[in-house]
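Quick look at model.cif (mmCIF, C-alpha atoms and all ligand atoms):
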```
data_work
#
loop_
_atom_site.group_PDB
_atom_site.id
_atom_site.type_symbol
_atom_site.label_atom_id
_atom_site.label_comp_id
_atom_site.auth_asym_id
_atom_site.auth_seq_id
_atom_site.Cartn_x
_atom_site.Cartn_y
_atom_site.Cartn_z
ATOM 1 C CA MET P 1 147.444 22.239 170.681
ATOM 2 C CA ARG P 2 147.357 20.404 174.036
ATOM 3 C CA LYS P 3 146.300 17.192 172.295
ATOM 4 C CA LEU P 4 149.102 17.567 169.760
ATOM 5 C CA ALA P 5 151.673 18.169 172.515
ATOM 6 C CA ASP P 6 150.426 15.065 174.286
ATOM 7 C CA TYR P 7 150.670 13.063 171.066
ATOM 8 C CA MET P 8 154.220 14.294 170.445
ATOM 9 C CA LYS P 9 155.197 13.350 173.995
ATOM 10 C CA ARG P 10 153.849 9.854 173.520
ATOM 11 C CA LEU P 11 155.727 9.513 170.222
ATOM 12 C CA ASP P 12 158.970 10.589 171.945
ATOM 13 C CA GLU P 13 158.411 7.997 174.639
ATOM 14 C CA SER P 14 157.671 5.371 172.012
ATOM 15 C CA ASP P 15 160.885 6.331 170.119
ATOM 16 C CA ALA P 16 162.910 5.957 173.307
ATOM 17 C CA ASP P 17 161.403 2.506 173.876
ATOM 18 C CA GLU P 18 162.231 1.470 170.296
ATOM 19 C CA ASP P 19 165.815 2.705 170.654
ATOM 20 C CA LYS P 20 166.178 0.598 173.758
ATOM 21 C CA ALA P 21 164.762 -2.375 171.888
ATOM 22 C CA GLY P 22 167.251 -1.905 169.013
ATOM 23 C CA TYR P 23 164.943 -0.449 166.255
ATOM 24 C CA GLY P 24 166.577 2.645 164.820
ATOM 25 C CA ALA P 25 165.541 5.371 162.420
ATOM 26 C CA GLY P 26 167.926 4.009 159.794
ATOM 27 C CA PRO P 27 167.127 3.963 156.067
ATOM 28 C CA GLY P 28 164.152 1.753 155.214
ATOM 29 C CA GLY P 29 163.506 1.027 158.877
ATOM 30 C CA ARG P 30 160.192 1.507 160.638
ATOM 31 C CA GLY P 31 161.711 4.519 162.305
ATOM 32 C CA SER P 32 162.327 6.410 159.044
ATOM 33 C CA ASP P 33 158.584 6.507 158.197
ATOM 34 C CA LEU P 34 157.864 7.633 161.664
ATOM 35 C CA ALA P 35 160.519 10.362 161.477
ATOM 36 C CA GLU P 36 158.826 11.791 158.358
ATOM 37 C CA LYS P 37 155.430 11.756 160.002
ATOM 38 C CA ILE P 38 156.825 13.469 163.068
ATOM 39 C CA ALA P 39 158.485 16.133 160.911
ATOM 40 C CA ALA P 40 155.143 16.759 159.118
ATOM 41 C CA ILE P 41 153.271 17.062 162.417
ATOM 42 C CA LYS P 42 155.916 19.396 163.820
ATOM 43 C CA GLY P 43 155.665 21.565 160.699
ATOM 44 C CA LYS P 44 151.884 21.688 161.044
ATOM 45 C CA ARG P 45 152.181 22.583 164.713
ATOM 46 C CA ASN P 46 154.572 25.435 163.934
ATOM 47 C CA ARG P 47 152.207 26.770 161.269
ATOM 48 C CA HIS P 48 149.298 26.647 163.713
ATOM 49 C CA LYS P 49 151.403 28.397 166.357
ATOM 50 C CA ALA P 50 152.217 31.163 163.863
ATOM 51 C CA LEU P 51 148.504 31.512 162.987
ATOM 52 C CA LEU P 52 147.545 31.747 166.666
ATOM 53 C CA GLY P 53 150.213 34.414 167.116
ATOM 54 C CA GLU P 54 148.740 36.303 164.146
ATOM 55 C CA LEU P 55 145.251 36.175 165.721
ATOM 56 C CA ASP P 56 146.681 37.465 169.026
ATOM 57 C CA ARG P 57 148.506 40.263 167.246
ATOM 58 C CA THR P 58 145.517 41.427 165.146
ATOM 59 C CA GLY P 59 142.783 40.813 167.756
ATOM 60 C CA GLU P 60 140.778 38.947 165.095
ATOM 61 C CA ASP P 61 139.097 35.614 165.764
ATOM 62 C CA GLN P 62 139.291 34.177 162.243
ATOM 63 C CA ILE P 63 141.866 33.787 159.469
ATOM 64 C CA SER P 64 140.770 33.078 155.907
ATOM 65 C CA PHE P 65 143.391 31.552 153.613
ATOM 66 C CA THR P 66 141.513 32.432 150.401
ATOM 67 C CA ASP P 67 140.833 36.084 151.190
ATOM 68 C CA PRO P 68 142.344 37.458 154.423
ATOM 69 C CA ASP P 69 139.460 39.943 154.834
ATOM 70 C CA ALA P 70 136.605 37.455 154.308
ATOM 71 C CA ARG P 71 134.872 35.933 157.306
ATOM 72 C CA ALA P 72 132.847 32.790 157.989
ATOM 73 C CA MET P 73 129.224 33.919 158.216
ATOM 74 C CA ALA P 74 126.010 32.064 158.940
ATOM 75 C CA ARG P 75 123.757 31.764 155.880
ATOM 76 C CA MET P 76 120.440 30.235 156.857
ATOM 77 C CA THR P 77 121.478 26.742 158.012
ATOM 78 C CA LYS P 78 124.943 26.863 156.389
ATOM 79 C CA VAL P 79 128.147 28.778 156.966
ATOM 80 C CA GLY P 80 129.747 30.583 154.040
ATOM 81 C CA VAL P 81 133.004 32.542 153.859
ATOM 82 C CA GLY P 82 132.444 36.031 152.489
ATOM 83 C CA TYR P 83 131.299 39.533 153.364
ATOM 84 C CA ASN P 84 128.259 41.133 154.970
ATOM 85 C CA VAL P 85 126.394 43.393 152.529
ATOM 86 C CA GLN P 86 124.182 46.057 154.067
ATOM 87 C CA LEU P 87 121.484 47.711 151.974
ATOM 88 C CA ALA P 88 119.077 50.539 152.796
ATOM 89 C CA VAL P 89 116.278 50.287 150.244
ATOM 90 C CA ASP P 90 113.613 52.873 149.526
ATOM 91 C CA THR P 91 110.300 51.005 149.945
ATOM 92 C CA LYS P 92 108.410 53.031 147.337
ATOM 93 C CA HIS P 93 110.745 52.576 144.364
ATOM 94 C CA LYS P 94 112.964 49.756 145.611
ATOM 95 C CA LEU P 95 116.055 51.794 144.824
ATOM 96 C CA ILE P 96 119.209 51.344 146.874
ATOM 97 C CA ALA P 97 119.680 54.453 149.020
ATOM 98 C CA GLU P 98 122.814 53.216 150.781
ATOM 99 C CA GLN P 99 125.041 50.190 150.524
ATOM 100 C CA GLU P 100 128.051 49.076 152.485
ATOM 101 C CA VAL P 101 130.153 45.937 152.532
ATOM 102 C CA SER P 102 131.463 44.903 155.908
ATOM 103 C CA LYS P 103 133.431 41.997 157.290
ATOM 104 C CA GLN P 104 131.428 42.139 160.513
ATOM 105 C CA VAL P 105 129.903 38.697 161.025
ATOM 106 C CA LEU P 106 126.679 39.858 162.721
ATOM 107 C CA ASP P 107 124.253 42.596 161.644
ATOM 108 C CA MET P 108 123.942 43.900 165.206
ATOM 109 C CA GLY P 109 125.214 47.476 165.420
ATOM 110 C CA LEU P 110 124.941 48.164 161.670
ATOM 111 C CA LEU P 111 121.403 49.611 161.569
ATOM 112 C CA ALA P 112 122.136 53.146 162.804
ATOM 113 C CA PRO P 113 125.217 53.801 160.595
ATOM 114 C CA THR P 114 123.601 52.353 157.436
ATOM 115 C CA THR P 115 120.342 54.268 157.921
ATOM 116 C CA ALA P 116 122.077 57.528 158.883
ATOM 117 C CA ALA P 117 124.072 57.325 155.640
ATOM 118 C CA ALA P 118 120.816 56.698 153.704
ATOM 119 C CA MET P 119 119.288 59.817 155.311
ATOM 120 C CA GLU P 120 122.220 61.856 154.109
ATOM 121 C CA THR P 121 121.940 60.487 150.573
ATOM 122 C CA LEU P 122 118.195 61.157 150.464
ATOM 123 C CA GLY P 123 118.576 64.582 152.106
ATOM 124 C CA VAL P 124 115.891 63.922 154.738
ATOM 125 C CA GLU P 125 115.857 64.697 158.445
ATOM 126 C CA ARG P 126 113.576 61.895 159.549
ATOM 127 C CA ILE P 127 113.265 58.333 158.316
ATOM 128 C CA ALA P 128 111.598 55.081 159.338
ATOM 129 C CA ALA P 129 113.964 52.112 159.226
ATOM 130 C CA VAL P 130 112.690 48.536 159.274
ATOM 131 C CA ALA P 131 115.100 45.689 159.883
ATOM 132 C CA ASP P 132 114.917 42.023 160.798
ATOM 133 C CA ARG P 133 115.586 40.460 164.208
ATOM 134 C CA GLY P 134 119.315 40.147 163.533
ATOM 135 C CA TYR P 135 119.636 43.914 164.073
ATOM 136 C CA PHE P 136 118.029 43.904 167.519
ATOM 137 C CA LYS P 137 120.495 45.632 169.819
ATOM 138 C CA ILE P 138 119.389 48.239 172.345
ATOM 139 C CA GLU P 139 122.450 50.469 171.848
ATOM 140 C CA ASP P 140 121.774 50.568 168.108
ATOM 141 C CA ILE P 141 118.048 51.343 168.564
ATOM 142 C CA GLU P 142 119.031 54.109 171.000
ATOM 143 C CA ALA P 143 121.525 55.528 168.467
ATOM 144 C CA CYS P 144 118.712 55.487 165.857
ATOM 145 C CA GLU P 145 116.406 57.502 168.156
ATOM 146 C CA LYS P 146 119.142 60.050 168.800
ATOM 147 C CA ALA P 147 119.766 60.464 165.049
ATOM 148 C CA GLY P 148 116.054 61.034 164.287
ATOM 149 C CA LEU P 149 115.495 57.528 162.905
ATOM 150 C CA THR P 150 112.324 55.665 163.778
ATOM 151 C CA ALA P 151 113.403 52.062 164.067
ATOM 152 C CA TYR P 152 111.192 48.988 163.643
ATOM 153 C CA VAL P 153 113.076 45.864 164.657
ATOM 154 C CA PRO P 154 111.242 42.800 166.020
ATOM 155 C CA LYS P 155 112.623 41.285 169.187
ATOM 156 C CA PRO P 156 114.309 37.896 168.780
ATOM 157 C CA ILE P 157 112.888 35.132 170.956
ATOM 158 C CA ARG P 158 116.090 33.780 172.506
ATOM 159 C CA SER P 159 115.334 33.398 176.196
ATOM 160 C CA PRO P 160 115.275 30.060 178.065
ATOM 161 C CA VAL P 161 111.628 30.690 179.074
ATOM 162 C CA ALA P 162 110.663 30.601 175.362
ATOM 163 C CA ARG P 163 112.489 27.278 175.002
ATOM 164 C CA ASP P 164 110.565 25.911 178.000
ATOM 165 C CA GLY P 165 107.209 27.206 176.700
ATOM 166 C CA LEU P 166 106.701 29.560 179.646
ATOM 167 C CA PHE P 167 105.264 33.094 179.591
ATOM 168 C CA LEU P 168 107.549 35.461 177.708
ATOM 169 C CA LYS P 169 108.662 38.819 179.010
ATOM 170 C CA GLU P 170 106.320 40.344 176.395
ATOM 171 C CA ASP P 171 103.405 38.788 178.331
ATOM 172 C CA PHE P 172 104.268 41.161 181.181
ATOM 173 C CA SER P 173 103.413 44.848 180.739
ATOM 174 C CA TYR P 174 105.428 47.622 182.289
ATOM 175 C CA ASP P 175 103.544 50.385 184.112
ATOM 176 C CA ALA P 176 105.855 53.407 183.997
ATOM 177 C CA ASP P 177 103.748 55.454 186.482
ATOM 178 C CA LYS P 178 103.983 52.765 189.130
ATOM 179 C CA ASN P 179 107.392 51.467 188.072
ATOM 180 C CA ALA P 180 106.031 47.945 188.220
ATOM 181 C CA TYR P 181 105.362 45.053 185.844
ATOM 182 C CA VAL P 182 101.869 43.594 185.598
ATOM 183 C CA CYS P 183 102.085 39.834 185.122
ATOM 184 C CA PRO P 184 99.704 37.543 183.141
ATOM 185 C CA ALA P 185 97.805 36.860 186.388
ATOM 186 C CA GLY P 186 97.157 40.607 186.736
ATOM 187 C CA GLN P 187 99.494 40.948 189.716
ATOM 188 C CA GLU P 188 101.791 43.920 190.182
ATOM 189 C CA LEU P 189 105.455 43.039 190.474
ATOM 190 C CA PRO P 190 107.319 45.875 192.223
ATOM 191 C CA PRO P 191 111.070 46.547 191.808
ATOM 192 C CA ARG P 192 113.593 44.947 194.120
ATOM 193 C CA TYR P 193 117.113 46.307 194.146
ATOM 194 C CA TYR P 194 120.156 44.189 194.736
ATOM 195 C CA GLY P 195 123.873 44.355 194.133
ATOM 196 C CA LYS P 196 127.215 44.172 195.896
ATOM 197 C CA SER P 197 127.878 47.883 195.866
ATOM 198 C CA ARG P 198 126.005 51.166 195.347
ATOM 199 C CA GLU P 199 127.514 51.591 191.907
ATOM 200 C CA ASN P 200 126.504 48.108 190.891
ATOM 201 C CA VAL P 201 122.810 48.053 191.799
ATOM 202 C CA LYS P 202 120.562 45.902 189.626
ATOM 203 C CA VAL P 203 116.787 45.914 189.536
ATOM 204 C CA MET P 204 114.496 42.919 189.358
ATOM 205 C CA TYR P 205 110.689 42.969 189.426
ATOM 206 C CA CYS P 206 109.058 40.215 191.487
ATOM 207 C CA ASP P 207 106.704 39.343 194.337
ATOM 208 C CA ARG P 208 107.518 36.009 195.933
ATOM 209 C CA LYS P 209 104.353 36.026 198.019
ATOM 210 C CA VAL P 210 101.866 36.298 195.141
ATOM 211 C CA CYS P 211 103.749 33.764 193.017
ATOM 212 C CA LYS P 212 103.628 31.227 195.843
ATOM 213 C CA SER P 213 99.833 30.910 195.658
ATOM 214 C CA CYS P 214 99.434 31.585 191.901
ATOM 215 C CA ALA P 215 97.511 29.037 189.836
ATOM 216 C CA LEU P 216 99.434 30.102 186.692
ATOM 217 C CA ARG P 217 102.865 29.418 188.197
ATOM 218 C CA PRO P 218 103.467 26.157 186.208
ATOM 219 C CA ARG P 219 103.091 28.209 183.011
ATOM 220 C CA CYS P 220 105.265 31.012 184.340
ATOM 221 C CA THR P 221 108.329 29.569 186.039
ATOM 222 C CA ALA P 222 109.919 26.339 187.211
ATOM 223 C CA LYS P 223 111.116 28.170 190.334
ATOM 224 C CA SER P 224 109.149 29.311 193.374
ATOM 225 C CA TYR P 225 108.629 32.790 191.882
ATOM 226 C CA ARG P 226 109.122 34.669 188.604
ATOM 227 C CA SER P 227 111.301 37.731 188.265
ATOM 228 C CA ILE P 228 111.634 40.196 185.388
ATOM 229 C CA THR P 229 114.744 42.266 184.747
ATOM 230 C CA ARG P 230 114.685 45.694 183.149
ATOM 231 C CA LEU P 231 117.501 47.637 181.536
ATOM 232 C CA GLU P 232 117.994 51.268 182.458
ATOM 233 C CA ASN P 233 117.175 52.380 178.898
ATOM 234 C CA GLU P 234 114.522 49.729 178.189
ATOM 235 C CA ALA P 235 111.843 52.372 177.569
ATOM 236 C CA ILE P 236 113.408 52.638 174.080
ATOM 237 C CA LEU P 237 112.443 49.026 173.387
ATOM 238 C CA ASP P 238 108.950 49.563 174.859
ATOM 239 C CA ARG P 239 108.393 52.474 172.483
ATOM 240 C CA MET P 240 109.566 50.389 169.532
ATOM 241 C CA ALA P 241 107.326 47.439 170.526
ATOM 242 C CA ALA P 242 104.348 49.847 170.707
ATOM 243 C CA ARG P 243 105.182 51.180 167.219
ATOM 244 C CA LEU P 244 105.425 47.664 165.798
ATOM 245 C CA ALA P 245 102.084 46.718 167.378
ATOM 246 C CA THR P 246 100.394 49.542 165.478
ATOM 247 C CA ARG P 247 102.021 48.583 162.141
ATOM 248 C CA PRO P 248 102.322 44.767 161.999
ATOM 249 C CA ASP P 249 102.397 44.826 158.159
ATOM 250 C CA ILE P 250 105.616 46.850 158.116
ATOM 251 C CA LEU P 251 107.804 43.746 158.476
ATOM 252 C CA ASP P 252 106.292 42.202 155.325
ATOM 253 C CA ARG P 253 107.024 45.422 153.469
ATOM 254 C CA ARG P 254 110.658 45.192 154.616
ATOM 255 C CA ARG P 255 110.974 41.700 153.152
ATOM 256 C CA GLU P 256 109.442 42.766 149.824
ATOM 257 C CA SER P 257 111.687 45.840 149.592
ATOM 258 C CA VAL P 258 115.084 44.544 150.597
ATOM 259 C CA GLU P 259 114.734 41.168 148.901
ATOM 260 C CA HIS P 260 114.021 42.885 145.579
ATOM 261 C CA PRO P 261 117.575 44.186 145.030
ATOM 262 C CA PHE P 262 119.190 41.096 146.545
ATOM 263 C CA GLY P 263 117.085 38.798 144.317
ATOM 264 C CA THR P 264 117.687 40.936 141.220
ATOM 265 C CA ILE P 265 121.436 41.193 141.822
ATOM 266 C CA LYS P 266 121.841 37.474 142.444
ATOM 267 C CA GLN P 267 119.465 36.056 139.830
ATOM 268 C CA TRP P 268 119.079 38.576 137.017
ATOM 269 C CA MET P 269 122.491 40.171 137.231
ATOM 270 C CA ASN P 270 124.195 36.855 137.951
ATOM 271 C CA GLN P 271 126.151 38.297 140.881
ATOM 272 C CA GLY P 272 125.801 35.417 143.304
ATOM 273 C CA ALA P 273 129.438 35.685 144.383
ATOM 274 C CA PHE P 274 132.058 38.430 144.457
ATOM 275 C CA LEU P 275 134.713 38.337 141.771
ATOM 276 C CA MET P 276 137.191 40.398 143.784
ATOM 277 C CA ARG P 277 139.219 39.608 146.909
ATOM 278 C CA ARG P 278 140.023 41.924 149.869
ATOM 279 C CA LEU P 279 137.560 44.287 151.500
ATOM 280 C CA ASP P 280 138.393 47.469 149.562
ATOM 281 C CA ASN P 281 138.154 45.713 146.217
ATOM 282 C CA VAL P 282 134.883 43.993 147.155
ATOM 283 C CA ARG P 283 133.500 47.371 148.290
ATOM 284 C CA GLY P 284 134.396 48.834 144.891
ATOM 285 C CA GLU P 285 132.852 45.866 143.098
ATOM 286 C CA PHE P 286 129.610 46.045 145.043
ATOM 287 C CA SER P 287 129.238 49.809 144.695
ATOM 288 C CA LEU P 288 129.339 49.272 140.882
ATOM 289 C CA THR P 289 126.807 46.452 141.205
ATOM 290 C CA ALA P 290 124.472 48.696 143.255
ATOM 291 C CA LEU P 291 124.880 51.499 140.724
ATOM 292 C CA ALA P 292 124.026 49.129 137.859
ATOM 293 C CA TYR P 293 120.994 47.876 139.801
ATOM 294 C CA ASN P 294 119.778 51.436 140.426
ATOM 295 C CA ILE P 295 120.192 52.441 136.759
ATOM 296 C CA ARG P 296 118.327 49.343 135.666
ATOM 297 C CA ARG P 297 115.603 49.999 138.230
ATOM 298 C CA ALA P 298 115.307 53.662 137.212
ATOM 299 C CA ILE P 299 114.915 52.602 133.546
ATOM 300 C CA THR P 300 112.106 50.261 134.604
ATOM 301 C CA LEU P 301 110.431 53.066 136.558
ATOM 302 C CA ILE P 302 110.756 56.022 134.189
ATOM 303 C CA GLY P 303 112.319 54.676 130.989
ATOM 304 C CA VAL P 304 115.545 55.750 129.251
ATOM 305 C CA PRO P 305 114.177 59.163 128.103
ATOM 306 C CA GLY P 306 112.947 59.897 131.625
ATOM 307 C CA LEU P 307 116.324 58.944 133.071
ATOM 308 C CA ILE P 308 118.217 61.138 130.575
ATOM 309 C CA ALA P 309 115.847 64.039 131.312
ATOM 310 C CA ALA P 310 116.333 63.570 135.065
ATOM 311 C CA LEU P 311 120.131 63.553 134.637
ATOM 312 C CA ARG P 312 119.964 66.774 132.582
ATOM 313 C CA ALA P 313 117.710 68.535 135.114
HETATM 314 S S1 LIG C 1 103.742 33.006 188.916
HETATM 315 FE FE1 LIG C 1 103.929 35.086 189.733
HETATM 316 S S2 LIG C 1 104.554 36.315 187.992
HETATM 317 FE FE2 LIG C 1 103.796 34.384 187.196
HETATM 318 S S3 LIG C 1 101.680 34.757 186.671
HETATM 319 FE FE3 LIG C 1 101.721 33.962 188.757
HETATM 320 S S4 LIG C 1 101.831 35.721 190.080
HETATM 321 FE FE4 LIG C 1 102.323 36.390 188.059
#
```
What is this file in structure tokens?
Amino acid sequence: MRKLADYMKRLDESDADEDKAGYGAGPGGRGSDLAEKIAAIKGKRNRHKALLGELDRTGEDQISFTDPDARAMARMTKVGVGYNVQLAVDTKHKLIAEQEVSKQVLDMGLLAPTTAAAMETLGVERIAAVADRGYFKIEDIEACEKAGLTAYVPKPIRSPVARDGLFLKEDFSYDADKNAYVCPAGQELPPRYYGKSRENVKVMYCDRKVCKSCALRPRCTAKSYRSITRLENEAILDRMAARLATRPDILDRRRESVEHPFGTIKQWMNQGAFLMRRLDNVRGEFSLTALAYNIRRAITLIGVPGLIAALRA
């Protein structure tokens, strides 16, 4: 908008110069073309202003002209405009236990609600939920624990130390009894508290002295010492990391399970794109798709007679 305002100002100045020089905006003159272009730009600017006002009013950060509820979402290396489909799939039979269509761009925060709904559908009090790195959010993992869900979500490697090839936080182990981290050199890093006020105290684990003379320092930090931060509720993530370490195969099982319905729906059922527009309609469309998938899957598992018998029971 600033650039456009600047451009308009320069055009006004240029118009004034032309008027002084005797070129007018009369019919067929150079000025008439320019007047049309200016009118088009002004119209565009007004439309953009109205759209910005709409974003301010709704608190949204995107507007889609094709479907007002659809959102631009990352798909592998591309961006597509659409919806975020959440599925909870039973690993044994590959049946859909819960499905939801959302316009939320990221998966973060969707694990606990989707899995809790699946628990209700299945009528169970405990469940193990496996999800990919996109669902890694401590608040969501905590909500899962509280609801009796055992979550398995691998930690994304996003930190700058990973980019620089230095030791990751996972290379440091936390000793809860001592409230200290043990670093790759076997040194104990005690907590240091800092903050501007009592209410705003943060904790950081480090020992400047041992880092100073450490032979591993070039692999650990580019600074004079390495520090590790710890969230107040980070024990939740420690417990999940310990669970994942005992069941490394569980992530492969997740891929096999959840990709089965997605692959079947897209390839066999030819549902690569939604036919409907607007969130409510798309939700209706996908719930029918999921139902059709489940019926088809049940027929594969127990046959038509078995399905009819199960429905009668
Ligand atoms: S630099 Fe410090 S934290 Fe890193 S391995 Fe050495 S002693 Fe441990």
- Expansion of the PyMOL selection byres (((chain P and resi 231) around 12) and not hetatm) into residues, as a count of residues only: 17
- Task: Give the residues close to ligand LIG 1 (chain C), within 9 Å, counting only C-alpha atoms and all ligand atoms; write them as a PyMOL selection string.
- Result: chain P and resi 167+172+182-189+206-221+223-228
- Task: Take the PyMOL selection byres (((chain P and resi 89) around 12) and not hetatm), apply it to the structure above, and return the hits as a VMD selection string.
- Result: chain P and resid 86 to 88 90 to 99 114 to 115 117 to 119 121 to 122 127 to 131 253 to 262 290 293 to 294
- Task: Could you tell me which of P:Pro190, P:Gly303, P:Gly43, P:Pro248 comes closest to Tyr152 of chain P if we count only C-alpha atoms?
- Result: P:Pro248
Determine, counting all atoms listed in the file, which protein, DNA and RNA residues have an atom within 7 Å of an atom of segment 155-157 of chain P; residues of the same chain fewer than 3 positions away are not included. Present the result as a short mmCIF file (atom, residue, chain, number, x, y, z; two decimals) with C-alpha atoms, in the frame of the given file.
```cif
data_model
loop_
_atom_site.label_atom_id
_atom_site.label_comp_id
_atom_site.auth_asym_id
_atom_site.auth_seq_id
_atom_site.Cartn_x
_atom_site.Cartn_y
_atom_site.Cartn_z
CA ARG P 133 115.59 40.46 164.21
CA PHE P 136 118.03 43.90 167.52
CA ALA P 162 110.66 30.60 175.36
#
```
- Message: Can you measure atom CA of Arg277 of chain P to atom CA of Ser102 of chain P for me? One decimal in Å is fine.
- Response: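 These two atoms are separated by 13.0 Å.
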- Message: Between atom CA of Gly109 of chain P and atom CA of Met76 of chain P, what is the distance in Å, rounded to a tenth?
- Response: 19.8 Å
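Among P:Ala242, P:Ala147, P:Val124, P:Val79, the residue with the shortest atom-to-atom distance to Leu111 of chain P, counting all atoms listed in the file, is P:Ala147.
Each of P:Ala50, P:Ile141, P:Ile308, P:Val153 was checked against Leu244 of chain P using only C-alpha atoms; the smallest atom-to-atom distance is that of P:Val153.
Distances here use all atoms listed in the file; by that measure, the residue among P:Gly59, P:Gly80, P:Pro68, P:Gly123 closest to Ala273 of chain P is P:Gly80.
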